[in-house]
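Data file: query04.csv. Format and content: CSV, C-alpha atoms.
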```csv
chain,number,residue,atom,x,y,z
A,24,MET,CA,66.1,34.5,-63.8
A,25,MET,CA,64.5,37.8,-64.9
A,26,LEU,CA,67.3,38.9,-67.2
A,27,HIS,CA,67.3,35.7,-69.2
A,28,ALA,CA,63.5,35.8,-69.5
A,29,VAL,CA,63.7,39.4,-70.8
A,30,ILE,CA,66.4,38.4,-73.3
A,31,TYR,CA,64.8,35.3,-74.6
A,32,LEU,CA,61.2,36.6,-74.6
A,33,ILE,CA,61.5,40.2,-75.7
A,34,VAL,CA,64.9,41.3,-76.9
A,35,LEU,CA,65.9,38.5,-79.2
A,36,PRO,CA,62.5,38.3,-80.9
A,37,LEU,CA,62.5,42.1,-81.5
A,38,LEU,CA,66.0,41.9,-83.0
A,39,SER,CA,65.0,38.9,-85.2
A,40,LEU,CA,62.0,40.8,-86.4
A,41,THR,CA,64.4,43.7,-87.3
A,42,LEU,CA,66.5,41.2,-89.3
A,43,ILE,CA,63.3,40.0,-91.1
A,44,LEU,CA,62.2,43.5,-92.0
A,45,GLY,CA,65.6,44.5,-93.2
A,46,PHE,CA,65.7,41.3,-95.3
A,47,ILE,CA,62.4,42.2,-96.9
A,48,ARG,CA,63.7,45.6,-97.9
A,49,LEU,CA,66.9,43.9,-99.2
A,50,LEU,CA,64.7,41.8,-101.5
A,51,ILE,CA,62.2,44.4,-102.7
A,52,GLY,CA,64.4,47.5,-102.6
A,53,PRO,CA,64.0,49.2,-105.9
A,54,THR,CA,67.5,50.5,-106.4
A,55,LEU,CA,71.0,49.5,-105.3
A,56,PRO,CA,71.3,52.1,-102.5
A,57,ASP,CA,68.1,50.8,-100.9
A,58,ARG,CA,69.7,47.4,-100.7
A,59,ILE,CA,72.9,48.9,-99.3
A,60,ILE,CA,71.1,50.6,-96.4
A,61,ALA,CA,69.1,47.5,-95.8
A,62,PHE,CA,72.4,45.6,-95.6
A,63,ASP,CA,73.7,48.2,-93.2
A,64,LEU,CA,70.7,47.8,-91.0
A,65,ILE,CA,71.1,44.0,-91.1
A,66,ALA,CA,74.7,44.3,-90.0
A,67,ALA,CA,73.8,46.6,-87.1
A,68,ALA,CA,71.0,44.3,-86.0
A,69,SER,CA,73.3,41.2,-86.1
A,70,ALA,CA,75.9,43.1,-84.1
A,71,GLY,CA,73.2,43.8,-81.5
A,72,ILE,CA,72.3,40.1,-81.5
A,73,ILE,CA,76.0,39.3,-80.8
A,74,VAL,CA,76.0,41.8,-77.9
A,75,VAL,CA,72.8,40.3,-76.4
A,76,VAL,CA,74.1,36.7,-76.8
A,77,ALA,CA,77.3,37.9,-75.0
A,78,ILE,CA,75.0,38.9,-72.0
A,79,ALA,CA,72.9,35.8,-72.2
A,80,SER,CA,75.9,33.4,-72.3
A,81,ASN,CA,78.0,35.3,-69.9
A,82,HIS,CA,81.0,35.5,-72.3
A,83,SER,CA,82.5,38.9,-72.5
A,84,VAL,CA,84.8,37.9,-75.3
A,85,LEU,CA,81.9,38.2,-77.8
A,86,LEU,CA,82.1,42.0,-77.5
A,87,ASP,CA,85.3,41.9,-79.6
A,88,ALA,CA,83.3,40.1,-82.3
A,89,ALA,CA,80.6,42.7,-82.2
A,90,SER,CA,83.1,45.6,-82.5
A,91,VAL,CA,84.9,43.9,-85.4
A,92,TRP,CA,81.5,43.3,-87.1
A,93,ALA,CA,80.7,47.0,-86.8
A,94,ILE,CA,84.0,48.0,-88.3
A,95,VAL,CA,83.6,45.6,-91.2
A,96,SER,CA,80.1,46.8,-91.9
A,97,PHE,CA,81.2,50.4,-92.0
A,98,LEU,CA,84.0,49.6,-94.4
A,99,SER,CA,81.8,47.6,-96.7
A,100,VAL,CA,79.3,50.4,-96.9
A,101,ILE,CA,82.0,52.9,-97.7
A,102,GLY,CA,83.3,50.6,-100.4
A,103,PHE,CA,79.9,50.2,-101.9
A,104,ALA,CA,79.4,53.9,-102.0
A,105,TYR,CA,82.9,54.4,-103.6
A,106,TYR,CA,82.3,51.9,-106.3
A,107,ILE,CA,78.8,53.2,-107.2
A,108,GLU,CA,80.2,56.7,-107.5
A,109,LYS,CA,82.9,55.3,-109.8
A,110,TRP,CA,80.4,53.3,-111.8
A,111,ARG,CA,78.0,56.1,-112.5
A,112,GLY,CA,80.2,57.6,-115.2
A,113,ARG,CA,79.9,54.5,-117.3
A,114,PRO,CA,77.6,54.9,-120.3
B,9,MET,CA,68.6,46.4,-59.1
B,10,ILE,CA,71.4,46.4,-61.7
B,11,ASP,CA,69.8,43.5,-63.4
B,12,ALA,CA,66.6,45.5,-63.7
B,13,ILE,CA,68.5,48.5,-65.2
B,14,THR,CA,70.2,46.2,-67.6
B,15,ALA,CA,66.9,44.6,-68.7
B,16,ALA,CA,65.4,48.1,-69.2
B,17,LEU,CA,68.4,49.2,-71.3
B,18,LEU,CA,68.1,45.9,-73.4
B,19,ILE,CA,64.4,46.5,-74.0
B,20,ILE,CA,65.0,50.1,-75.0
B,21,GLY,CA,67.8,49.1,-77.4
B,22,ALA,CA,65.8,46.3,-79.0
B,23,PHE,CA,62.8,48.6,-79.4
B,24,PHE,CA,64.9,51.2,-81.2
B,25,MET,CA,66.3,48.5,-83.4
B,26,PHE,CA,62.8,47.4,-84.2
B,27,VAL,CA,61.8,50.9,-85.0
B,28,ALA,CA,64.7,51.2,-87.4
B,29,GLY,CA,63.6,48.0,-89.2
B,30,LEU,CA,60.0,49.2,-89.3
B,31,GLY,CA,61.2,52.6,-90.8
B,32,ILE,CA,63.3,50.9,-93.4
B,33,LEU,CA,60.4,48.9,-94.5
B,34,ARG,CA,57.7,51.5,-94.4
B,35,MET,CA,59.2,54.8,-95.4
B,36,PRO,CA,58.5,56.0,-99.0
B,37,ASP,CA,61.9,57.3,-100.0
B,38,ILE,CA,65.5,56.3,-99.7
B,39,PHE,CA,66.5,59.4,-97.8
B,40,LEU,CA,63.8,59.0,-95.3
B,41,ARG,CA,64.6,55.3,-95.0
B,42,MET,CA,68.3,56.1,-94.5
B,43,SER,CA,67.7,58.8,-91.8
B,44,CYS,CA,65.3,56.4,-89.9
B,45,SER,CA,67.6,53.4,-90.1
B,46,THR,CA,70.8,55.2,-89.3
B,47,LYS,CA,69.7,57.2,-86.3
B,48,ALA,CA,67.5,54.5,-84.7
B,49,ALA,CA,70.0,51.7,-85.3
B,50,THR,CA,72.9,53.7,-83.9
B,51,ILE,CA,71.0,54.6,-80.7
B,52,GLY,CA,69.8,51.1,-80.4
B,53,PHE,CA,73.2,49.6,-80.8
B,54,GLY,CA,74.7,52.1,-78.3
B,55,THR,CA,72.0,51.2,-75.7
B,56,LEU,CA,72.7,47.5,-76.1
B,57,LEU,CA,76.4,48.2,-75.6
B,58,LEU,CA,75.6,50.2,-72.5
B,59,ALA,CA,73.6,47.3,-71.2
B,60,LEU,CA,76.6,45.0,-71.8
B,61,ALA,CA,79.0,47.4,-70.0
B,62,LEU,CA,76.5,47.6,-67.0
B,63,TYR,CA,76.1,43.8,-66.9
B,64,PHE,CA,79.8,42.9,-66.7
B,65,ARG,CA,81.2,45.9,-64.8
B,66,ASP,CA,84.7,45.0,-65.7
B,67,THR,CA,87.4,47.5,-66.7
B,68,GLY,CA,88.3,45.9,-70.0
B,69,VAL,CA,84.7,45.3,-71.0
B,70,VAL,CA,83.6,48.8,-70.1
B,71,THR,CA,86.5,50.4,-72.0
B,72,ARG,CA,85.9,48.3,-75.1
B,73,SER,CA,82.2,48.9,-75.0
B,74,LEU,CA,82.6,52.7,-74.7
B,75,ALA,CA,85.2,52.6,-77.5
B,76,THR,CA,82.8,50.7,-79.7
B,77,ILE,CA,80.0,53.2,-78.9
B,78,ALA,CA,82.3,56.1,-79.9
B,79,PHE,CA,83.3,54.3,-83.1
B,80,VAL,CA,79.7,53.6,-84.1
B,81,PHE,CA,78.6,57.2,-83.3
B,82,ALA,CA,81.5,58.5,-85.3
B,83,THR,CA,81.1,56.3,-88.4
B,84,ALA,CA,77.4,55.9,-88.8
B,85,PRO,CA,76.9,59.5,-90.0
B,86,VAL,CA,79.8,59.2,-92.4
B,87,ALA,CA,78.4,56.1,-94.0
B,88,SER,CA,75.0,57.6,-94.2
B,89,HIS,CA,76.3,60.7,-95.8
B,90,ARG,CA,78.3,58.8,-98.4
B,91,ILE,CA,75.3,56.7,-99.4
B,92,GLY,CA,72.9,59.7,-99.5
B,93,ARG,CA,75.2,61.7,-101.7
B,94,VAL,CA,75.8,58.8,-104.0
B,95,SER,CA,72.2,58.0,-104.3
B,96,TYR,CA,71.3,61.6,-105.1
B,97,LEU,CA,74.0,61.7,-107.8
B,98,VAL,CA,72.9,58.4,-109.3
B,99,GLY,CA,69.3,59.8,-109.6
B,100,VAL,CA,67.3,57.9,-107.1
B,101,TYR,CA,63.7,59.3,-107.2
B,102,LEU,CA,62.5,61.6,-104.4
B,103,TRP,CA,59.2,61.2,-102.6
B,104,GLY,CA,56.4,62.9,-104.4
B,105,LYS,CA,55.5,65.0,-101.4
B,106,THR,CA,59.0,66.4,-100.9
B,107,ILE,CA,58.7,70.1,-100.4
B,108,ARG,CA,62.4,71.1,-100.5
B,109,ASP,CA,65.3,69.9,-102.5
B,110,GLU,CA,68.4,71.8,-101.3
B,111,LEU,CA,70.7,70.3,-103.9
B,112,LYS,CA,68.5,71.2,-106.8
B,113,ASN,CA,70.8,73.3,-108.9
B,114,VAL,CA,74.1,72.4,-107.3
B,115,TYR,CA,75.3,69.7,-109.5
B,116,PRO,CA,75.5,70.1,-113.3
B,117,PRO,CA,72.8,68.3,-115.3
B,118,ASP,CA,75.2,65.8,-116.7
B,119,ALA,CA,76.4,64.8,-113.3
B,120,CYS,CA,73.5,62.5,-112.9
B,121,VAL,CA,73.7,59.1,-114.6
B,122,PRO,CA,71.3,56.6,-113.2
B,123,PHE,CA,71.3,52.8,-113.5
B,124,GLY,CA,70.5,51.9,-117.0
B,125,GLU,CA,67.7,54.2,-118.1
B,126,VAL,CA,67.7,57.8,-119.3
B,127,CYS,CA,68.3,60.2,-116.5
B,128,ALA,CA,66.2,63.2,-115.8
B,129,ALA,CA,68.3,66.2,-114.9
B,130,PRO,CA,68.8,66.7,-111.2
B,131,GLY,CA,66.5,69.7,-111.3
B,132,SER,CA,63.6,67.9,-112.9
B,133,ARG,CA,63.1,64.7,-111.1
B,134,SER,CA,59.8,63.0,-111.6
B,135,GLY,CA,58.4,60.9,-108.8
B,136,LYS,CA,58.7,57.7,-110.8
B,137,ASN,CA,60.9,54.9,-110.2
B,138,ILE,CA,64.0,54.6,-112.4
B,139,SER,CA,64.8,51.1,-111.6
B,140,THR,CA,64.5,48.8,-114.6
B,141,ASP,CA,64.5,45.3,-113.2
```

Rewritten as structure tokens:
Amino acid sequence: MMLHAVIYLIVLPLLSLTLILGFIRLLIGPTLPDRIIAFDLIAAASAGIIVVVAIASNHSVLLDAASVWAIVSFLSVIGFAYYIEKWRGRP
Amino acid sequence: MIDAITAALLIIGAFFMFVAGLGILRMPDIFLRMSCSTKAATIGFGTLLLALALYFRDTGVVTRSLATIAFVFATAPVASHRIGRVSYLVGVYLWGKTIRDELKNVYPPDACVPFGEVCAAPGSRSGKNISTD
């Protein structure tokens, strides 16, 4: 089937490469905000992987997992920003 | 036919995601990295969700998919703005070839306290990395 071939040969490898690139930035990122945006990209790419797996396995329930994942990643980024902004006043 | 359109949308979305990963690895500055990753990852995720909605063609799936697209399009700029403002305040270095710094004299000089080391005032950033470890 053409759609499964496209998913398994093109789409999932590209998304996995995105995860690897984001993880490299997460390791070598010089400052903490670099690591936070790398984490945000990793969360977005893994939400995309969940969506693609929902298409590949024909289970539409996984869309709920993807949307909850997006909400949690947004809240975690906002929390990181809040606590860095609180933390910068410390001597 | 619909399978072909779904496959095309999937390839476009994965390509945009890959461009976001490439940008976050290759860009020289945190602000450039952030613009690259936020815009490209948002449009890639939206395209993947459109492909999902087109594949299932069910009322519940299409509604939830469009709601998730709206949520991501509304919240990704907010998160990016928060991180950008915080990283400017915390004194992350700018790229050496930056030609315009709109926030140069907006914040007072003692508003900038970086991680660990002595902070240059926000007006006088050198292009060097302030990270210690």

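Closest approach to chain A among B:Arg65, B:Lys105, B:Arg90, B:Lys112 is made by B:Arg90 (distances from all atoms listed in the file).
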
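Distances to Leu58 in chain B were evaluated for A:Ser90, A:Leu44, A:Val74, A:Val29 using all atoms listed in the file, and the minimum falls at A:Val74.
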
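For the set A:Gly52, A:Gly102, A:Pro36, A:Gly71, the residue with the smallest atom-to-atom gap to chain B is A:Gly71, counting only C-alpha atoms.
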
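Distances here use all atoms listed in the file; by that measure, the residue among B:Tyr101, B:Tyr115, B:Tyr63, B:Phe53 closest to Ala78 in chain B is B:Phe53.
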
For chain B versus chain A, which residues have an atom no more than 7 Å away, and what is each residue's nearest atom pair and distance in Å rounded to one decimal, using all atoms listed in the file, chain-then-number order, as JSON lines?
```
{"residue": "B:Asp11", "atom": "CA", "partner": "A:Leu26", "partner_atom": "CA", "distance": 6.5}
{"residue": "B:Ala15", "atom": "CA", "partner": "A:Leu26", "partner_atom": "CA", "distance": 5.9}
{"residue": "B:Leu18", "atom": "CA", "partner": "A:Val34", "partner_atom": "CA", "distance": 6.6}
{"residue": "B:Ile19", "atom": "CA", "partner": "A:Val34", "partner_atom": "CA", "distance": 6.0}
{"residue": "B:Ala22", "atom": "CA", "partner": "A:Val34", "partner_atom": "CA", "distance": 5.5}
{"residue": "B:Phe23", "atom": "CA", "partner": "A:Leu37", "partner_atom": "CA", "distance": 6.8}
{"residue": "B:Met25", "atom": "CA", "partner": "A:Thr41", "partner_atom": "CA", "distance": 6.5}
{"residue": "B:Phe26", "atom": "CA", "partner": "A:Thr41", "partner_atom": "CA", "distance": 5.1}
{"residue": "B:Gly29", "atom": "CA", "partner": "A:Thr41", "partner_atom": "CA", "distance": 4.8}
{"residue": "B:Leu30", "atom": "CA", "partner": "A:Leu44", "partner_atom": "CA", "distance": 6.7}
{"residue": "B:Ile32", "atom": "CA", "partner": "A:Gly45", "partner_atom": "CA", "distance": 6.8}
{"residue": "B:Leu33", "atom": "CA", "partner": "A:Arg48", "partner_atom": "CA", "distance": 5.8}
{"residue": "B:Ile38", "atom": "CA", "partner": "A:Asp57", "partner_atom": "CA", "distance": 6.2}
{"residue": "B:Met42", "atom": "CA", "partner": "A:Ile60", "partner_atom": "CA", "distance": 6.5}
{"residue": "B:Ser45", "atom": "CA", "partner": "A:Leu64", "partner_atom": "CA", "distance": 6.5}
{"residue": "B:Ala49", "atom": "CA", "partner": "A:Ala67", "partner_atom": "CA", "distance": 6.6}
{"residue": "B:Phe53", "atom": "CA", "partner": "A:Gly71", "partner_atom": "CA", "distance": 5.8}
{"residue": "B:Leu56", "atom": "CA", "partner": "A:Gly71", "partner_atom": "CA", "distance": 6.6}
{"residue": "B:Leu57", "atom": "CA", "partner": "A:Val74", "partner_atom": "CA", "distance": 6.8}
{"residue": "B:Leu60", "atom": "CA", "partner": "A:Ile78", "partner_atom": "CA", "distance": 6.3}
{"residue": "B:Val69", "atom": "CA", "partner": "A:Ser83", "partner_atom": "CA", "distance": 6.9}
{"residue": "B:Thr76", "atom": "CA", "partner": "A:Ser90", "partner_atom": "CA", "distance": 5.8}
{"residue": "B:Thr83", "atom": "CA", "partner": "A:Phe97", "partner_atom": "CA", "distance": 6.9}
{"residue": "B:Ala87", "atom": "CA", "partner": "A:Ile101", "partner_atom": "CA", "distance": 6.1}
{"residue": "B:Arg90", "atom": "CA", "partner": "A:Ala104", "partner_atom": "CA", "distance": 6.2}
{"residue": "B:Ile91", "atom": "CA", "partner": "A:Ala104", "partner_atom": "CA", "distance": 5.6}
{"residue": "B:Val94", "atom": "CA", "partner": "A:Glu108", "partner_atom": "CA", "distance": 6.0}
{"residue": "B:Ser95", "atom": "CA", "partner": "A:Pro56", "partner_atom": "CA", "distance": 6.2}
{"residue": "B:Val98", "atom": "CA", "partner": "A:Arg111", "partner_atom": "CA", "distance": 6.4}
{"residue": "B:Val121", "atom": "CA", "partner": "A:Arg111", "partner_atom": "CA", "distance": 5.6}
{"residue": "B:Pro122", "atom": "CA", "partner": "A:Arg111", "partner_atom": "CA", "distance": 6.8}
{"residue": "B:Ser139", "atom": "CA", "partner": "A:Thr54", "partner_atom": "CA", "distance": 5.9}
```

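Between CA of Gly54 in chain B and CA of Ile77 in chain B there is a distance of 5.4 Å.
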
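Here CA of Leu50 in chain A and CA of Gly92 in chain B stand 19.8 Å from one another.
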
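CA of Ile107 in chain B lies 14.2 Å from CA of Pro36 in chain B.
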
- Message: I'd like the contact shell of Thr46 in chain B - 8 Å cut-off, only C-alpha atoms, skipping same-chain residues fewer than 5 positions apart - returned as number ranges by chain.
- Response: A: 64; B: 28, 84-85, 88
